[in-house]
$ cat entry_26.txt   # compact mmCIF, C-alpha atoms
# COMPACT_ATOMS: atom_id res chain seq x y z
CA MET A 1 -10.59 -45.76 1.78
CA GLU A 2 -11.09 -45.28 5.47
CA GLY A 3 -14.17 -43.10 5.28
CA ALA A 4 -12.01 -40.24 3.95
CA GLY A 5 -10.79 -39.69 7.47
CA ALA A 6 -14.33 -39.05 8.58
CA GLY A 7 -14.17 -41.42 11.55
CA ALA A 8 -11.43 -39.37 13.19
CA ALA A 9 -13.18 -36.12 12.31
CA TYR A 10 -16.36 -37.10 14.13
CA THR A 11 -14.54 -36.80 17.44
CA ALA A 12 -14.36 -33.02 16.91
CA ARG A 13 -16.80 -31.03 18.99
CA THR A 14 -15.46 -27.48 19.11
CA ALA A 15 -14.57 -24.88 16.47
CA GLU A 16 -10.90 -25.31 17.33
CA GLU A 17 -11.07 -29.08 16.82
CA VAL A 18 -12.85 -28.70 13.47
CA PHE A 19 -10.20 -26.18 12.46
CA ARG A 20 -7.41 -28.63 13.34
CA ASP A 21 -9.18 -31.25 11.22
CA LEU A 22 -9.33 -28.82 8.28
CA ARG A 23 -5.73 -27.73 8.73
CA GLY A 24 -4.53 -31.36 8.57
CA ARG A 25 -6.55 -32.08 5.42
CA ARG A 26 -5.32 -28.82 3.88
CA ALA A 27 -1.67 -29.69 4.57
CA GLY A 28 -2.05 -33.06 2.85
CA MET A 29 -3.68 -31.56 -0.24
CA ILE A 30 -1.05 -28.83 -0.48
CA ARG A 31 1.64 -31.50 -0.35
CA ALA A 32 -0.04 -33.37 -3.20
CA LEU A 33 -0.12 -30.25 -5.39
CA THR A 34 3.41 -29.04 -4.57
CA ASP A 35 6.04 -31.38 -3.09
CA ASP A 36 4.39 -34.57 -4.42
CA VAL A 37 3.12 -33.04 -7.66
CA ASP A 38 4.89 -35.56 -9.94
CA LYS A 39 3.32 -38.47 -8.10
CA PHE A 40 -0.05 -36.72 -8.06
CA PHE A 41 0.14 -36.04 -11.79
CA LYS A 42 0.80 -39.71 -12.60
CA LEU A 43 -2.00 -40.95 -10.35
CA CYS A 44 -4.53 -38.73 -12.13
CA ASP A 45 -4.65 -40.95 -15.20
CA PRO A 46 -7.37 -39.75 -17.62
CA GLU A 47 -7.95 -43.36 -18.65
CA LYS A 48 -9.26 -44.23 -15.19
CA GLU A 49 -12.74 -43.58 -13.82
CA ASN A 50 -13.80 -40.47 -11.87
CA LEU A 51 -11.01 -39.73 -9.41
CA CYS A 52 -11.00 -37.41 -6.41
CA LEU A 53 -8.25 -35.81 -4.33
CA TYR A 54 -8.79 -36.42 -0.62
CA GLY A 55 -6.94 -34.78 2.24
CA TYR A 56 -6.89 -36.47 5.64
CA PRO A 57 -6.60 -35.00 9.17
CA ASN A 58 -3.16 -36.64 9.59
CA GLU A 59 -1.78 -34.43 6.76
CA THR A 60 -1.75 -37.21 4.16
CA TRP A 61 -3.50 -37.30 0.78
CA GLU A 62 -4.97 -39.84 -1.62
CA VAL A 63 -6.23 -39.92 -5.20
CA THR A 64 -9.02 -42.48 -5.39
CA LEU A 65 -12.61 -43.16 -6.39
CA PRO A 66 -15.42 -41.41 -4.52
CA ALA A 67 -17.23 -43.10 -1.64
CA GLU A 68 -19.79 -45.69 -2.70
CA GLU A 69 -22.31 -45.07 0.07
CA VAL A 70 -25.14 -42.64 -0.58
CA PRO A 71 -25.32 -40.21 1.01
CA PRO A 72 -21.61 -40.13 1.85
CA GLU A 73 -20.41 -39.76 5.45
CA ILE A 74 -18.99 -36.33 4.69
CA PRO A 75 -19.20 -34.06 1.61
CA GLU A 76 -17.26 -35.41 -1.37
CA PRO A 77 -14.51 -33.51 -3.26
CA ALA A 78 -14.76 -32.68 -6.96
CA LEU A 79 -15.16 -35.72 -9.20
CA GLY A 80 -13.15 -36.43 -12.34
CA ILE A 81 -10.13 -34.22 -11.75
CA ASN A 82 -8.15 -36.66 -13.88
CA PHE A 83 -10.21 -36.07 -17.04
CA ALA A 84 -8.97 -32.49 -17.48
CA ARG A 85 -5.31 -33.28 -16.84
CA ASP A 86 -4.12 -33.61 -20.45
CA GLY A 87 -6.48 -31.03 -21.90
CA MET A 88 -5.05 -28.10 -19.91
CA ASN A 89 -1.76 -26.44 -19.15
CA GLU A 90 -0.35 -28.22 -16.08
CA LYS A 91 -0.23 -25.06 -13.95
CA ASP A 92 -3.80 -24.17 -14.88
CA TRP A 93 -4.94 -27.71 -14.11
CA LEU A 94 -3.26 -27.70 -10.70
CA ALA A 95 -4.82 -24.31 -9.95
CA LEU A 96 -8.25 -25.67 -10.87
CA VAL A 97 -7.79 -28.68 -8.57
CA ALA A 98 -6.66 -26.26 -5.83
CA VAL A 99 -9.84 -24.17 -6.19
CA HIS A 100 -12.04 -27.27 -5.88
CA SER A 101 -9.97 -28.42 -2.90
CA ASP A 102 -10.55 -25.11 -1.10
CA SER A 103 -14.27 -25.46 -1.73
CA TRP A 104 -14.27 -29.01 -0.37
CA LEU A 105 -12.43 -28.04 2.83
CA LEU A 106 -14.99 -25.33 3.57
CA SER A 107 -17.88 -27.68 2.91
CA VAL A 108 -16.42 -30.33 5.24
CA ALA A 109 -15.71 -27.81 8.01
CA PHE A 110 -19.20 -26.34 7.96
CA TYR A 111 -20.74 -29.76 7.60
CA PHE A 112 -19.19 -30.55 10.98
CA GLY A 113 -20.34 -27.15 12.23
CA ALA A 114 -23.94 -28.01 11.34
CA ARG A 115 -23.63 -31.58 12.64
CA PHE A 116 -22.34 -30.41 16.01
CA GLY A 117 -24.83 -27.56 16.29
CA PHE A 118 -22.42 -24.60 16.18
CA ASP A 119 -24.18 -21.34 16.93
CA LYS A 120 -23.64 -18.09 15.03
CA GLU A 121 -20.68 -16.95 17.13
CA THR A 122 -18.95 -20.36 16.93
CA ARG A 123 -19.39 -20.48 13.14
CA ARG A 124 -17.93 -16.97 12.89
CA ARG A 125 -14.95 -18.01 15.01
CA LEU A 126 -14.39 -21.08 12.83
CA PHE A 127 -14.57 -19.04 9.64
CA ASN A 128 -12.14 -16.43 10.96
CA MET A 129 -9.59 -19.11 11.82
CA ILE A 130 -9.94 -20.60 8.34
CA ASN A 131 -9.81 -17.21 6.67
CA ASN A 132 -6.50 -16.39 8.34
CA LEU A 133 -4.88 -19.25 6.41
CA PRO A 134 -3.81 -18.80 2.78
CA THR A 135 -6.03 -20.83 0.49
CA ILE A 136 -4.66 -23.88 -1.29
CA TYR A 137 -5.06 -21.94 -4.53
CA GLU A 138 -2.95 -19.07 -3.17
CA VAL A 139 -0.22 -21.48 -2.08
CA VAL A 140 -0.16 -23.44 -5.35
CA THR A 141 -0.13 -20.36 -7.60
CA GLY A 142 2.38 -18.44 -5.47
CA ALA A 143 -0.12 -15.70 -4.61
CA ALA A 144 0.42 -16.31 -0.88
CA LYS A 145 4.13 -15.48 -1.15
CA ARG A 146 3.41 -12.33 -3.14
CA GLN A 147 0.86 -11.16 -0.57
CA SER A 148 3.34 -11.84 2.24
CA LYS A 149 5.98 -9.70 0.55
CA GLU A 150 3.51 -6.87 -0.01
CA LYS A 151 2.50 -6.89 3.67
CA THR A 152 6.10 -6.89 4.92
CA PRO A 153 6.86 -3.29 5.98
CA ASN A 154 9.91 -1.71 4.45
CA THR A 155 11.44 0.43 7.18
CA ASN A 156 13.67 2.28 4.77
CA SER A 157 10.88 3.22 2.39
CA SER A 158 8.50 4.15 5.22
CA SER A 159 11.07 6.44 6.81
CA LYS A 160 11.68 8.08 3.47
CA SER A 161 7.98 8.59 2.85
CA ASN A 162 7.34 10.00 6.34
CA LYS A 163 10.35 12.30 6.31
CA PRO A 164 10.15 15.12 3.77
CA SER A 165 13.24 15.60 1.67
CA SER A 166 15.45 18.65 2.01
CA LYS A 167 14.26 19.79 -1.40
CA VAL A 168 10.64 19.79 -0.25
CA GLN A 169 11.56 21.65 2.95
CA SER A 170 13.58 24.26 1.12
CA ARG A 171 10.78 24.84 -1.37
CA ALA A 172 8.26 25.22 1.41
CA ALA A 173 10.44 27.79 3.16
CA GLU A 174 11.26 29.69 -0.02
CA PRO A 175 8.00 31.72 -0.37
CA ARG A 176 8.34 33.00 3.20
CA ALA A 177 11.91 34.15 2.59
CA LYS A 178 10.90 35.94 -0.60
CA ALA A 179 8.04 37.64 1.21
CA LYS A 180 10.49 39.23 3.65
CA LEU A 181 12.66 40.52 0.88
CA SER A 182 9.85 41.75 -1.30
CA ALA A 183 8.23 44.20 1.15
CA PRO A 184 9.73 47.75 1.23
CA LYS A 185 11.19 48.64 4.59
CA ASP A 186 11.19 51.85 6.50
CA GLU A 187 14.35 53.99 6.24
CA GLU A 188 15.14 53.53 9.93
CA GLU A 189 14.38 49.77 9.94
CA ASP A 190 17.24 47.33 10.40
CA SER A 191 17.59 44.88 7.47
CA GLY A 192 17.54 41.83 9.78
CA ASP A 193 14.22 42.59 11.60
CA ASP A 194 11.19 40.34 11.00
CA GLY A 195 7.94 41.93 9.79
CA GLY A 196 4.87 42.45 12.00
CA ASP A 197 1.71 44.51 12.08
CA ASP A 198 3.61 47.67 13.02
CA GLU A 199 6.06 47.03 10.21
CA GLU A 200 3.25 46.63 7.68
CA GLU A 201 1.86 50.03 8.71
CA GLU A 202 5.32 51.52 8.21
CA HIS A 203 5.50 49.90 4.79
CA ASP A 204 2.21 51.57 3.89
CA ASN A 205 3.88 54.89 4.70
CA THR A 206 7.08 54.18 2.76
CA LEU A 207 7.76 56.92 0.23
CA CYS A 208 9.69 56.68 -3.00
CA GLY A 209 13.10 58.32 -2.58
CA THR A 210 12.74 60.05 -5.96
CA CYS A 211 9.10 61.16 -6.36
CA GLY A 212 8.27 61.30 -2.63
CA THR A 213 4.97 59.39 -2.95
CA ASN A 214 3.82 55.91 -2.00
CA ASP A 215 1.64 55.51 -5.08
CA GLY A 216 1.84 52.33 -7.14
CA LYS A 217 2.23 49.87 -4.24
CA ASP A 218 1.54 47.06 -6.68
CA GLU A 219 4.27 48.23 -8.98
CA PHE A 220 7.93 47.23 -9.00
CA TRP A 221 10.01 48.76 -6.21
CA ILE A 222 13.72 48.45 -5.49
CA CYS A 223 15.69 49.29 -2.34
CA CYS A 224 19.12 50.88 -2.22
CA ASP A 225 21.47 48.58 -0.31
CA ASN A 226 23.51 51.56 0.87
CA CYS A 227 20.98 54.10 2.17
CA GLU A 228 18.07 51.59 2.37
CA LYS A 229 15.63 53.94 0.68
CA TRP A 230 12.94 52.45 -1.55
CA TYR A 231 12.33 53.66 -5.09
CA HIS A 232 9.75 53.07 -7.78
CA GLY A 233 11.51 51.12 -10.49
CA LYS A 234 10.19 53.55 -13.08
CA CYS A 235 11.55 56.52 -11.10
CA VAL A 236 15.13 55.18 -11.19
CA LYS A 237 14.67 53.54 -14.63
CA ILE A 238 15.16 49.98 -13.31
CA THR A 239 12.97 47.24 -14.76
CA PRO A 240 12.36 43.85 -13.08
CA ALA A 241 14.35 42.18 -15.87
CA ARG A 242 17.30 44.48 -15.35
CA ALA A 243 17.09 44.08 -11.58
CA GLU A 244 17.65 40.35 -11.98
CA HIS A 245 21.19 41.09 -13.16
CA ILE A 246 22.04 43.59 -10.42
CA LYS A 247 23.81 41.93 -7.48
CA GLN A 248 23.72 45.06 -5.31
CA TYR A 249 21.65 48.11 -6.07
CA ARG A 250 22.73 51.63 -5.17
CA CYS A 251 20.43 54.53 -5.88
CA PRO A 252 21.54 57.47 -8.08
CA GLU A 253 22.61 59.38 -4.96
CA CYS A 254 24.80 56.51 -3.66
CA GLY A 255 26.12 55.11 -6.96
CA ASN A 256 25.76 51.54 -8.39
CA GLY A 257 27.60 48.20 -7.97
CA GLY A 258 27.79 45.35 -5.31
CA SER A 259 26.39 41.96 -4.24
CA ASN A 260 22.79 42.08 -2.95
CA LYS A 261 19.51 43.83 -3.71
CA ARG A 262 16.01 44.06 -2.31
CA ILE A 263 13.05 44.39 -4.60
CA LYS A 264 9.29 44.55 -4.48
CA THR A 265 6.91 43.61 -7.28

$ encode --input "entry_26.txt" --output "structure tokens"
Amino acid sequence: MEGAGAGAAYTARTAEEVFRDLRGRRAGMIRALTDDVDKFFKLCDPEKENLCLYGYPNETWEVTLPAEEVPPEIPEPALGINFARDGMNEKDWLALVAVHSDSWLLSVAFYFGARFGFDKETRRRLFNMINNLPTIYEVVTGAAKRQSKEKTPNTNSSSKSNKPSSKVQSRAAEPRAKAKLSAPKDEEEDSGDDGGDDEEEEHDNTLCGTCGTNDGKDEFWICCDNCEKWYHGKCVKITPARAEHIKQYRCPECGNGGSNKRIKT
């Protein structure tokens, strides 16, 4: 083993160079756990001694024994990954190796950071570059693809969510329309005019066409669509339930029948 690629890594002096070293090692280990997984599985023979998965800066990988020198040139990956191979579900075993591989990459990167005297800002920059990459675990388990799909904006769904539907708009406008129809109007008022402060004062002075009073403002009122006079429902013997079935109301003086009505409750 050629120092686990450590000789080449020692040439790194900046956060960007250490990151390139990590990215190469990461690519090799991902290849071992995905594209080369059959070969990796066979090499991790439980009958052999403690084996480690190494990733090298040139994007290659190797399953071999740990370094003999103590202390090692660089931090060592997890020992004995082969022993758990046959005692676990293959996917779970690969995920476990991936987790230990992520841990090893971070330890190697920050070992170099300490060795080369990175200050606080340089260490933060190195970590941010590493953190922007999916972890080996996320790649091996498919979590990286799922996260990518969740982050991809759906223009169709966003436009639908930002644009209220016609049903919502019509429901929002409905109370305002009912409010115009529910208020009694002055005898001389045109049916198409919008209400204002002056109109509200006139409504306060609206008199029942039968009893001649404006008592019972909170009671049910109905307007004649012919003469446009307002009446207490009780004065013309019209209940709210009955009014629902009247398309056009005509007061006793004008006669009944038609298509529209105006009411107040």

$ atom_distance --input "entry_26.txt" --atom1 "CA of Arg85 (chain A)" --atom2 "CA of Asp21 (chain A)"
28.4 Å

$ atom_distance --input "entry_26.txt" --atom1 "CA of Phe110 (chain A)" --atom2 "CA of Tyr54 (chain A)"
16.8 Å

$ closest_residue --input "entry_26.txt" --among "A:Ala15, A:Cys251, A:Cys235, A:Val108" --to "Pro77 (chain A)" --atoms "only C-alpha atoms"
A:Val108

$ residues_around --input "entry_26.txt" --residues "region 225-230 of chain A" --least-positions-apart "3" --cutoff "6 Å" --atoms "all atoms listed in the file" --output "list in words"
Glu187, Cys208, Gly209, Ile222, Tyr249 and Arg250 of chain A

$ atom_distance --input "entry_26.txt" --atom1 "CA of Thr141 (chain A)" --atom2 "CA of Ala95 (chain A)"
6.6 Å

$ residues_around --input "entry_26.txt" --residues "region 113-126 of chain A" --least-positions-apart "2" --cutoff "7 Å" --atoms "all atoms listed in the file" --output "PyMOL selection string"
chain A and resi 13+15+19+109-111+128-130

$ write_last_selection --input "entry_26.txt" --atoms "C-alpha atoms" --output "PDB file, in the coordinates of the input"
ATOM      1  CA  ARG A  13     -16.800 -31.030  18.990  1.00  0.00           C
ATOM      2  CA  ALA A  15     -14.570 -24.880  16.470  1.00  0.00           C
ATOM      3  CA  PHE A  19     -10.200 -26.180  12.460  1.00  0.00           C
ATOM      4  CA  ALA A 109     -15.710 -27.810   8.010  1.00  0.00           C
ATOM      5  CA  PHE A 110     -19.200 -26.340   7.960  1.00  0.00           C
ATOM      6  CA  TYR A 111     -20.740 -29.760   7.600  1.00  0.00           C
ATOM      7  CA  ASN A 128     -12.140 -16.430  10.960  1.00  0.00           C
ATOM      8  CA  MET A 129      -9.590 -19.110  11.820  1.00  0.00           C
ATOM      9  CA  ILE A 130      -9.940 -20.600   8.340  1.00  0.00           C
TER      10      ILE A 130
END

$ residues_near_point --input "entry_26.txt" --point "(-7.8, -33.5, -19.1)" --cutoff "12 Å" --atoms "all atoms listed in the file" --output "list in words"
Phe41, Cys44, Asp45, Pro46, Glu47, Lys48, Asn50, Leu51, Gly80, Ile81, Asn82, Phe83, Ala84, Arg85, Asp86, Gly87, Met88, Asn89, Glu90, Asp92, Trp93, Leu94, Leu96 and Val97 of chain A

$ decode --input "entry_26.txt" --residues "region 4-147 of chain A" --atoms "C-alpha atoms" --output "compact mmCIF listing (two decimals), in the first residue's frame"
# COMPACT_ATOMS: atom_id res chain seq x y z
CA ALA A 4 -2.84 5.19 1.50
CA GLY A 5 -2.19 7.98 -0.94
CA ALA A 6 -0.76 10.06 1.83
CA GLY A 7 2.40 11.02 -0.06
CA ALA A 8 0.39 12.81 -2.74
CA ALA A 9 -1.88 14.39 -0.13
CA TYR A 10 1.02 16.03 1.69
CA THR A 11 1.52 18.37 -1.25
CA ALA A 12 -1.80 20.05 -0.38
CA ARG A 13 -1.45 23.41 1.31
CA THR A 14 -4.76 25.20 0.81
CA ALA A 15 -8.38 24.38 1.70
CA GLU A 16 -9.14 23.93 -1.99
CA GLU A 17 -6.30 21.43 -2.41
CA VAL A 18 -7.39 19.44 0.64
CA PHE A 19 -10.92 19.44 -0.73
CA ARG A 20 -9.71 18.06 -4.07
CA ASP A 21 -7.86 15.33 -2.17
CA LEU A 22 -11.06 14.44 -0.28
CA ARG A 23 -13.19 14.54 -3.42
CA GLY A 24 -10.86 12.06 -5.17
CA ARG A 25 -10.88 9.67 -2.21
CA ARG A 26 -14.67 10.01 -1.96
CA ALA A 27 -15.15 9.18 -5.65
CA GLY A 28 -13.08 6.00 -5.30
CA MET A 29 -15.01 4.82 -2.24
CA ILE A 30 -18.36 5.54 -3.88
CA ARG A 31 -17.26 3.48 -6.87
CA ALA A 32 -16.38 0.58 -4.58
CA LEU A 33 -19.81 0.65 -2.93
CA THR A 34 -21.84 1.13 -6.13
CA ASP A 35 -20.38 0.33 -9.56
CA ASP A 36 -17.78 -2.13 -8.22
CA VAL A 37 -19.93 -3.50 -5.41
CA ASP A 38 -19.68 -7.15 -6.53
CA LYS A 39 -15.89 -6.99 -6.54
CA PHE A 40 -15.90 -5.14 -3.22
CA PHE A 41 -18.20 -7.74 -1.67
CA LYS A 42 -15.91 -10.62 -2.69
CA LEU A 43 -12.77 -8.88 -1.43
CA CYS A 44 -14.31 -8.41 2.03
CA ASP A 45 -13.88 -12.05 2.96
CA PRO A 46 -14.82 -12.62 6.63
CA GLU A 47 -12.17 -15.34 6.82
CA LYS A 48 -9.40 -12.80 6.33
CA GLU A 49 -7.88 -10.51 8.95
CA ASN A 50 -9.05 -6.95 9.72
CA LEU A 51 -9.66 -5.27 6.37
CA CYS A 52 -10.16 -1.59 5.58
CA LEU A 53 -11.61 0.29 2.62
CA TYR A 54 -9.24 2.99 1.40
CA GLY A 55 -10.02 5.72 -1.10
CA TYR A 56 -7.15 7.43 -2.93
CA PRO A 57 -6.85 10.97 -4.37
CA ASN A 58 -6.76 9.54 -7.92
CA GLU A 59 -10.35 8.23 -7.48
CA THR A 60 -9.32 4.59 -6.99
CA TRP A 61 -10.06 2.31 -4.04
CA GLU A 62 -8.52 -0.66 -2.27
CA VAL A 63 -9.56 -3.22 0.34
CA THR A 64 -6.47 -4.15 2.34
CA LEU A 65 -4.93 -4.46 5.78
CA PRO A 66 -4.33 -1.32 7.84
CA ALA A 67 -0.96 0.43 7.86
CA GLU A 68 1.66 -1.26 10.02
CA GLU A 69 3.45 1.88 11.20
CA VAL A 70 2.36 3.43 14.48
CA PRO A 71 1.22 6.11 14.48
CA PRO A 72 0.03 5.92 10.87
CA GLU A 73 0.86 8.67 8.37
CA ILE A 74 -2.78 9.68 8.16
CA PRO A 75 -5.89 8.60 10.13
CA GLU A 76 -6.94 5.02 9.39
CA PRO A 77 -10.42 3.95 8.17
CA ALA A 78 -12.64 1.57 10.13
CA LEU A 79 -11.07 -1.83 10.79
CA GLY A 80 -12.73 -5.19 10.20
CA ILE A 81 -15.46 -4.19 7.75
CA ASN A 82 -15.28 -7.74 6.39
CA PHE A 83 -16.33 -9.38 9.66
CA ALA A 84 -19.88 -7.99 9.52
CA ARG A 85 -20.45 -8.83 5.85
CA ASP A 86 -22.29 -12.14 6.26
CA GLY A 87 -24.05 -11.24 9.50
CA MET A 88 -26.06 -8.36 8.02
CA ASN A 89 -28.37 -7.61 5.14
CA GLU A 90 -26.15 -6.55 2.23
CA LYS A 91 -27.75 -3.11 1.88
CA ASP A 92 -27.42 -2.47 5.62
CA TRP A 93 -23.80 -3.60 5.55
CA LEU A 94 -22.95 -1.32 2.62
CA ALA A 95 -24.68 1.58 4.40
CA LEU A 96 -22.62 0.90 7.52
CA VAL A 97 -19.38 0.90 5.52
CA ALA A 98 -20.54 4.15 3.86
CA VAL A 99 -21.06 5.82 7.26
CA HIS A 100 -17.57 4.84 8.42
CA SER A 101 -16.15 6.02 5.09
CA ASP A 102 -17.74 9.47 5.54
CA SER A 103 -16.24 9.66 9.01
CA TRP A 104 -12.79 8.72 7.69
CA LEU A 105 -12.88 11.34 4.92
CA LEU A 106 -13.66 14.09 7.43
CA SER A 107 -10.91 12.93 9.76
CA VAL A 108 -8.35 12.90 6.93
CA ALA A 109 -9.40 16.34 5.66
CA PHE A 110 -9.17 17.98 9.07
CA TYR A 111 -5.98 16.12 9.86
CA PHE A 112 -4.46 17.96 6.90
CA GLY A 113 -6.14 21.15 8.10
CA ALA A 114 -4.39 20.83 11.47
CA ARG A 115 -1.10 19.75 9.90
CA PHE A 116 -1.03 22.76 7.58
CA GLY A 117 -2.16 25.20 10.25
CA PHE A 118 -5.54 26.21 8.80
CA ASP A 119 -7.08 29.08 10.72
CA LYS A 120 -10.74 29.30 11.73
CA GLU A 121 -11.91 30.88 8.48
CA THR A 122 -9.99 28.38 6.32
CA ARG A 123 -11.42 25.43 8.28
CA ARG A 124 -14.92 26.88 7.84
CA ARG A 125 -14.34 27.23 4.11
CA LEU A 126 -13.11 23.64 3.88
CA PHE A 127 -16.10 22.33 5.82
CA ASN A 128 -18.57 24.27 3.67
CA MET A 129 -17.08 22.81 0.49
CA ILE A 130 -17.32 19.30 1.96
CA ASN A 131 -20.83 19.89 3.27
CA ASN A 132 -22.06 20.87 -0.18
CA LEU A 133 -21.32 17.33 -1.40
CA PRO A 134 -23.75 14.47 -0.71
CA THR A 135 -22.26 12.06 1.79
CA ILE A 136 -21.19 8.59 0.69
CA TYR A 137 -24.04 7.24 2.82
CA GLU A 138 -26.56 9.44 0.99
CA VAL A 139 -25.26 8.26 -2.39
CA VAL A 140 -25.19 4.56 -1.47
CA THR A 141 -28.67 4.53 0.11
CA GLY A 142 -30.26 6.69 -2.60
CA ALA A 143 -31.03 9.54 -0.19
CA ALA A 144 -29.09 11.99 -2.37
CA LYS A 145 -31.38 11.36 -5.35
CA ARG A 146 -34.49 11.75 -3.21
CA GLN A 147 -33.22 15.05 -1.80
